[in-house]
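Okay, work-v9.cif now, which holds mmCIF, N, CA and C atoms and all ligand atoms:
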data_entry
loop_
_atom_site.label_atom_id
_atom_site.label_comp_id
_atom_site.auth_asym_id
_atom_site.auth_seq_id
_atom_site.Cartn_x
_atom_site.Cartn_y
_atom_site.Cartn_z
N MET A 138 109.47 80.91 94.85
CA MET A 138 109.63 82.37 94.97
C MET A 138 109.97 82.73 96.40
N ASN A 139 110.98 83.55 96.55
CA ASN A 139 111.40 84.05 97.85
C ASN A 139 110.29 84.94 98.42
N GLN A 140 109.74 84.52 99.56
CA GLN A 140 108.60 85.26 100.15
C GLN A 140 108.97 86.68 100.53
N GLU A 141 110.21 86.85 100.99
CA GLU A 141 110.65 88.19 101.39
C GLU A 141 110.70 89.13 100.18
N LEU A 142 111.20 88.60 99.07
CA LEU A 142 111.28 89.38 97.83
C LEU A 142 109.87 89.74 97.35
N LEU A 143 108.97 88.77 97.43
CA LEU A 143 107.59 89.02 97.02
C LEU A 143 106.95 90.07 97.91
N GLN A 144 107.18 89.97 99.21
CA GLN A 144 106.63 90.93 100.15
C GLN A 144 107.12 92.34 99.84
N LYS A 145 108.39 92.48 99.57
CA LYS A 145 108.96 93.79 99.24
C LYS A 145 108.34 94.34 97.96
N ALA A 146 108.14 93.46 96.99
CA ALA A 146 107.54 93.89 95.72
C ALA A 146 106.11 94.37 95.96
N LEU A 147 105.37 93.64 96.77
CA LEU A 147 103.98 94.02 97.02
C LEU A 147 103.90 95.36 97.74
N GLU A 148 104.88 95.63 98.59
CA GLU A 148 104.89 96.91 99.30
C GLU A 148 105.07 98.09 98.35
N GLN A 149 105.65 97.84 97.19
CA GLN A 149 105.85 98.92 96.22
C GLN A 149 104.58 99.26 95.44
N LEU A 150 103.60 98.38 95.53
CA LEU A 150 102.38 98.58 94.74
C LEU A 150 101.37 99.43 95.50
N PRO A 151 100.65 100.30 94.80
CA PRO A 151 99.56 101.02 95.45
C PRO A 151 98.44 100.04 95.81
N GLU A 152 97.61 100.43 96.75
CA GLU A 152 96.57 99.53 97.27
C GLU A 152 95.75 98.86 96.17
N HIS A 153 95.32 99.63 95.19
CA HIS A 153 94.42 99.05 94.18
C HIS A 153 95.11 97.96 93.34
N LEU A 154 96.42 98.00 93.27
CA LEU A 154 97.12 96.96 92.50
C LEU A 154 97.44 95.72 93.34
N LYS A 155 97.26 95.85 94.65
CA LYS A 155 97.51 94.69 95.53
C LYS A 155 96.30 93.78 95.63
N ARG A 156 95.18 94.24 95.11
CA ARG A 156 93.95 93.45 95.24
C ARG A 156 93.91 92.32 94.22
N ASN A 157 93.12 91.30 94.54
CA ASN A 157 92.83 90.20 93.60
C ASN A 157 94.08 89.53 93.03
N LEU A 158 95.06 89.32 93.90
CA LEU A 158 96.33 88.75 93.42
C LEU A 158 96.17 87.36 92.82
N THR A 159 95.22 86.60 93.34
CA THR A 159 95.06 85.24 92.83
C THR A 159 94.02 85.14 91.72
N LYS A 160 93.40 86.28 91.39
CA LYS A 160 92.44 86.25 90.28
C LYS A 160 93.17 86.56 88.97
N ASN A 161 92.56 86.17 87.88
CA ASN A 161 93.19 86.38 86.59
C ASN A 161 93.29 87.87 86.25
N LEU A 162 94.51 88.31 86.03
CA LEU A 162 94.68 89.65 85.46
C LEU A 162 94.42 89.52 83.96
N CYS A 163 94.96 88.47 83.37
CA CYS A 163 94.69 88.20 81.95
C CYS A 163 93.60 87.12 81.88
N VAL A 164 92.38 87.58 81.64
CA VAL A 164 91.27 86.63 81.61
C VAL A 164 91.26 85.83 80.31
N CYS A 165 91.80 86.40 79.25
CA CYS A 165 91.82 85.68 77.97
C CYS A 165 92.65 84.41 78.06
N ASN A 166 93.75 84.48 78.81
CA ASN A 166 94.69 83.35 78.86
C ASN A 166 94.81 82.73 80.25
N ASP A 167 93.88 83.08 81.15
CA ASP A 167 93.88 82.51 82.51
C ASP A 167 95.20 82.69 83.24
N VAL A 168 95.66 83.92 83.34
CA VAL A 168 96.92 84.18 84.04
C VAL A 168 96.66 85.09 85.25
N PRO A 169 96.82 84.54 86.47
CA PRO A 169 96.59 85.36 87.67
C PRO A 169 97.62 86.48 87.81
N LYS A 170 97.22 87.54 88.50
CA LYS A 170 98.12 88.68 88.71
C LYS A 170 99.40 88.24 89.40
N LEU A 171 99.28 87.33 90.36
CA LEU A 171 100.47 86.88 91.09
C LEU A 171 101.47 86.19 90.16
N THR A 172 101.00 85.47 89.18
CA THR A 172 101.91 84.82 88.21
C THR A 172 102.70 85.88 87.43
N ILE A 173 102.02 86.97 87.11
CA ILE A 173 102.69 88.04 86.36
C ILE A 173 103.72 88.74 87.26
N ILE A 174 103.36 88.95 88.53
CA ILE A 174 104.31 89.56 89.47
C ILE A 174 105.53 88.65 89.64
N HIS A 175 105.31 87.36 89.75
CA HIS A 175 106.44 86.42 89.86
C HIS A 175 107.32 86.52 88.62
N ALA A 176 106.72 86.60 87.44
CA ALA A 176 107.52 86.69 86.21
C ALA A 176 108.38 87.95 86.22
N ILE A 177 107.80 89.06 86.67
CA ILE A 177 108.56 90.32 86.72
C ILE A 177 109.74 90.15 87.69
N LEU A 178 109.47 89.57 88.84
CA LEU A 178 110.53 89.39 89.83
C LEU A 178 111.59 88.39 89.35
N ASN A 179 111.21 87.53 88.41
CA ASN A 179 112.17 86.58 87.84
C ASN A 179 112.87 87.13 86.61
N GLY A 180 112.72 88.43 86.35
CA GLY A 180 113.49 89.06 85.29
C GLY A 180 112.74 89.42 84.03
N ALA A 181 111.45 89.16 83.99
CA ALA A 181 110.67 89.57 82.81
C ALA A 181 110.32 91.05 82.97
N HIS A 182 111.13 91.91 82.39
CA HIS A 182 110.98 93.35 82.62
C HIS A 182 110.36 94.09 81.45
N THR A 183 109.82 93.36 80.49
CA THR A 183 109.11 93.99 79.38
C THR A 183 107.83 93.20 79.13
N LEU A 184 106.90 93.84 78.44
CA LEU A 184 105.65 93.15 78.11
C LEU A 184 105.95 91.88 77.31
N GLN A 185 106.89 91.97 76.38
CA GLN A 185 107.24 90.81 75.55
C GLN A 185 107.78 89.66 76.40
N ALA A 186 108.61 89.99 77.37
CA ALA A 186 109.19 88.95 78.23
C ALA A 186 108.10 88.31 79.09
N ILE A 187 107.16 89.12 79.57
CA ILE A 187 106.06 88.58 80.37
C ILE A 187 105.19 87.67 79.51
N LYS A 188 104.93 88.09 78.29
CA LYS A 188 104.17 87.24 77.35
C LYS A 188 104.86 85.91 77.15
N ALA A 189 106.17 85.96 76.94
CA ALA A 189 106.93 84.74 76.67
C ALA A 189 106.88 83.79 77.87
N GLN A 190 106.92 84.35 79.07
CA GLN A 190 106.95 83.50 80.29
C GLN A 190 105.58 83.00 80.69
N THR A 191 104.53 83.83 80.48
CA THR A 191 103.24 83.51 81.10
C THR A 191 102.08 83.38 80.10
N TYR A 192 102.26 83.86 78.88
CA TYR A 192 101.20 83.98 77.87
C TYR A 192 100.22 85.10 78.18
N ALA A 193 100.41 85.82 79.30
CA ALA A 193 99.53 86.96 79.57
C ALA A 193 99.65 87.96 78.44
N SER A 194 98.53 88.50 78.02
CA SER A 194 98.46 89.51 76.97
C SER A 194 98.67 88.94 75.56
N GLU A 195 98.91 87.63 75.48
CA GLU A 195 99.04 86.99 74.17
C GLU A 195 97.68 87.08 73.48
N GLY A 196 97.68 87.40 72.21
CA GLY A 196 96.39 87.52 71.52
C GLY A 196 96.03 88.97 71.33
N ASN A 197 94.94 89.40 71.95
CA ASN A 197 94.50 90.77 71.65
C ASN A 197 95.02 91.84 72.61
N GLU A 198 95.85 91.48 73.57
CA GLU A 198 96.53 92.44 74.46
C GLU A 198 95.58 93.33 75.25
N CYS A 199 94.40 92.84 75.57
CA CYS A 199 93.46 93.72 76.28
C CYS A 199 93.88 94.01 77.72
N CYS A 200 94.83 93.25 78.26
CA CYS A 200 95.29 93.52 79.63
C CYS A 200 96.65 94.22 79.62
N LYS A 201 97.08 94.65 78.45
CA LYS A 201 98.41 95.25 78.30
C LYS A 201 98.65 96.42 79.28
N GLN A 202 97.67 97.31 79.41
CA GLN A 202 97.86 98.48 80.27
C GLN A 202 98.03 98.08 81.74
N GLN A 203 97.30 97.06 82.17
CA GLN A 203 97.44 96.61 83.57
C GLN A 203 98.82 96.03 83.80
N ILE A 204 99.33 95.30 82.83
CA ILE A 204 100.68 94.73 82.96
C ILE A 204 101.72 95.85 82.97
N GLU A 205 101.53 96.83 82.10
CA GLU A 205 102.48 97.95 82.06
C GLU A 205 102.47 98.72 83.37
N ARG A 206 101.32 98.81 84.00
CA ARG A 206 101.24 99.49 85.30
C ARG A 206 102.07 98.74 86.34
N LEU A 207 101.97 97.40 86.35
CA LEU A 207 102.78 96.61 87.28
C LEU A 207 104.27 96.81 86.99
N LEU A 208 104.63 96.83 85.72
CA LEU A 208 106.04 97.05 85.35
C LEU A 208 106.53 98.40 85.85
N GLU A 209 105.69 99.42 85.74
CA GLU A 209 106.09 100.76 86.19
C GLU A 209 106.45 100.76 87.67
N TYR A 210 105.68 100.03 88.46
CA TYR A 210 105.94 100.03 89.91
C TYR A 210 107.03 99.05 90.30
N LEU A 211 107.14 97.95 89.60
CA LEU A 211 108.09 96.92 90.04
C LEU A 211 109.43 96.99 89.34
N VAL A 212 109.50 97.73 88.22
CA VAL A 212 110.77 97.93 87.51
C VAL A 212 110.95 99.44 87.36
N PRO A 213 111.26 100.14 88.46
CA PRO A 213 111.27 101.61 88.44
C PRO A 213 112.24 102.22 87.45
N GLU A 214 113.35 101.55 87.13
CA GLU A 214 114.32 102.16 86.20
C GLU A 214 113.76 102.29 84.79
N LYS A 215 112.65 101.56 84.52
CA LYS A 215 111.99 101.65 83.20
C LYS A 215 111.32 102.99 82.97
N THR A 216 110.90 103.67 84.04
CA THR A 216 110.08 104.89 83.88
C THR A 216 110.91 106.15 83.79
S1 LIG B 301 92.90 89.84 79.23
FE1 LIG B 301 94.94 89.44 78.65
S2 LIG B 301 94.87 89.29 76.49
FE2 LIG B 301 92.84 89.65 77.08
#
Just give me the structure of the file as structure tokens.
Ligand code: FES
Amino acid sequence: MNQELLQKALEQLPEHLKRNLTKNLCVCNDVPKLTIIHAILNGAHTLQAIKAQTYASEGNECCKQQIERLLEYLVPEKT
């Protein structure tokens, strides 16, 4: 992952979304927040695409809203 691209992406996030980057955002499937951010930056611009790349939200989708929040900030044309 291009560090400059990652840095720019992180700057777009509000403070509360920048926390715990290396902790699991999806605890059901052990997927850290940073892995999900990388997937978005690699072109996964929908929840389905993120699921396909990372398995985050696979199953009962309890982290779906947190993933959608990241998509809102990192894929602005979606909103
Ligand atoms: S925390 Fe992601 S599916 Fe449960």
Determine, using only N, CA and C atoms and all ligand atoms, which residues of chain A have any atom at most 7 Å from an atom of ligand LIG 301 (chain B), and tabulate each with its shortest atom pair and distance in Å to one decimal place, rows ordered by chain and then rising number, as CSV.
residue,atom,partner,partner_atom,distance
A:Leu162,C,B:LIG301,S1,5.0
A:Cys163,CA,B:LIG301,FE1,3.5
A:Val164,N,B:LIG301,S1,3.3
A:Cys165,N,B:LIG301,S1,3.6
A:Asn166,N,B:LIG301,FE1,5.1
A:Asp167,N,B:LIG301,FE1,6.9
A:Tyr192,C,B:LIG301,FE1,6.9
A:Ala193,C,B:LIG301,FE1,4.9
A:Ser194,CA,B:LIG301,S2,3.6
A:Glu195,N,B:LIG301,S2,4.5
A:Gly196,C,B:LIG301,S2,5.3
A:Asn197,N,B:LIG301,S2,4.5
A:Glu198,N,B:LIG301,S2,3.8
A:Cys199,N,B:LIG301,S2,3.7
A:Cys200,N,B:LIG301,FE1,3.8
A:Lys201,N,B:LIG301,FE1,5.6
Using N, CA and C atoms, can you write the selected residues to a file as an mmCIF file, in the coordinates of the input?
data_model
loop_
_atom_site.group_PDB
_atom_site.id
_atom_site.type_symbol
_atom_site.label_atom_id
_atom_site.label_comp_id
_atom_site.auth_asym_id
_atom_site.auth_seq_id
_atom_site.Cartn_x
_atom_site.Cartn_y
_atom_site.Cartn_z
ATOM 1 N N LEU A 162 94.510 88.310 86.030
ATOM 2 C CA LEU A 162 94.680 89.650 85.460
ATOM 3 C C LEU A 162 94.420 89.520 83.960
ATOM 4 N N CYS A 163 94.960 88.470 83.370
ATOM 5 C CA CYS A 163 94.690 88.200 81.950
ATOM 6 C C CYS A 163 93.600 87.120 81.880
ATOM 7 N N VAL A 164 92.380 87.580 81.640
ATOM 8 C CA VAL A 164 91.270 86.630 81.610
ATOM 9 C C VAL A 164 91.260 85.830 80.310
ATOM 10 N N CYS A 165 91.800 86.400 79.250
ATOM 11 C CA CYS A 165 91.820 85.680 77.970
ATOM 12 C C CYS A 165 92.650 84.410 78.060
ATOM 13 N N ASN A 166 93.750 84.480 78.810
ATOM 14 C CA ASN A 166 94.690 83.350 78.860
ATOM 15 C C ASN A 166 94.810 82.730 80.250
ATOM 16 N N ASP A 167 93.880 83.080 81.150
ATOM 17 C CA ASP A 167 93.880 82.510 82.510
ATOM 18 C C ASP A 167 95.200 82.690 83.240
ATOM 19 N N TYR A 192 102.260 83.860 78.880
ATOM 20 C CA TYR A 192 101.200 83.980 77.870
ATOM 21 C C TYR A 192 100.220 85.100 78.180
ATOM 22 N N ALA A 193 100.410 85.820 79.300
ATOM 23 C CA ALA A 193 99.530 86.960 79.570
ATOM 24 C C ALA A 193 99.650 87.960 78.440
ATOM 25 N N SER A 194 98.530 88.500 78.020
ATOM 26 C CA SER A 194 98.460 89.510 76.970
ATOM 27 C C SER A 194 98.670 88.940 75.560
ATOM 28 N N GLU A 195 98.910 87.630 75.480
ATOM 29 C CA GLU A 195 99.040 86.990 74.170
ATOM 30 C C GLU A 195 97.680 87.080 73.480
ATOM 31 N N GLY A 196 97.680 87.400 72.210
ATOM 32 C CA GLY A 196 96.390 87.520 71.520
ATOM 33 C C GLY A 196 96.030 88.970 71.330
ATOM 34 N N ASN A 197 94.940 89.400 71.950
ATOM 35 C CA ASN A 197 94.500 90.770 71.650
ATOM 36 C C ASN A 197 95.020 91.840 72.610
ATOM 37 N N GLU A 198 95.850 91.480 73.570
ATOM 38 C CA GLU A 198 96.530 92.440 74.460
ATOM 39 C C GLU A 198 95.580 93.330 75.250
ATOM 40 N N CYS A 199 94.400 92.840 75.570
ATOM 41 C CA CYS A 199 93.460 93.720 76.280
ATOM 42 C C CYS A 199 93.880 94.010 77.720
ATOM 43 N N CYS A 200 94.830 93.250 78.260
ATOM 44 C CA CYS A 200 95.290 93.520 79.630
ATOM 45 C C CYS A 200 96.650 94.220 79.620
ATOM 46 N N LYS A 201 97.080 94.650 78.450
ATOM 47 C CA LYS A 201 98.410 95.250 78.300
ATOM 48 C C LYS A 201 98.650 96.420 79.280
#
Determine which residues of chain A receive a DSSP assignment of strand (DSSP E), computed from the backbone, and state them as a ChimeraX atom specification. /A:161-163,168-169
Residues within 6.5 Å of range 143-156 of chain A, only N, CA and C atoms, excluding chain neighbours under 3 positions, as a PyMOL selection string: chain A and resi 138-140+159+210-211
Give me the residues within 7 Å of range 175-178 of chain A as JSON, numbers by chain, counting only N, CA and C atoms and dropping any in the same chain fewer than 5 places off. {"A": [170, 187, 190]}
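Going from atom C of His182 in chain A to atom C of Leu142 in chain A covers 16.5 Å.
Between atom C of Gln202 in chain A and atom N of Leu184 in chain A the separation is 10.4 Å.
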Neighbour list for Leu208 in chain A as a ChimeraX atom specification, cut-off 9 Å, only C-alpha atoms, skip fewer than 4 positions in-chain: /A:174,177,182-184,203-204,212-213,215-216
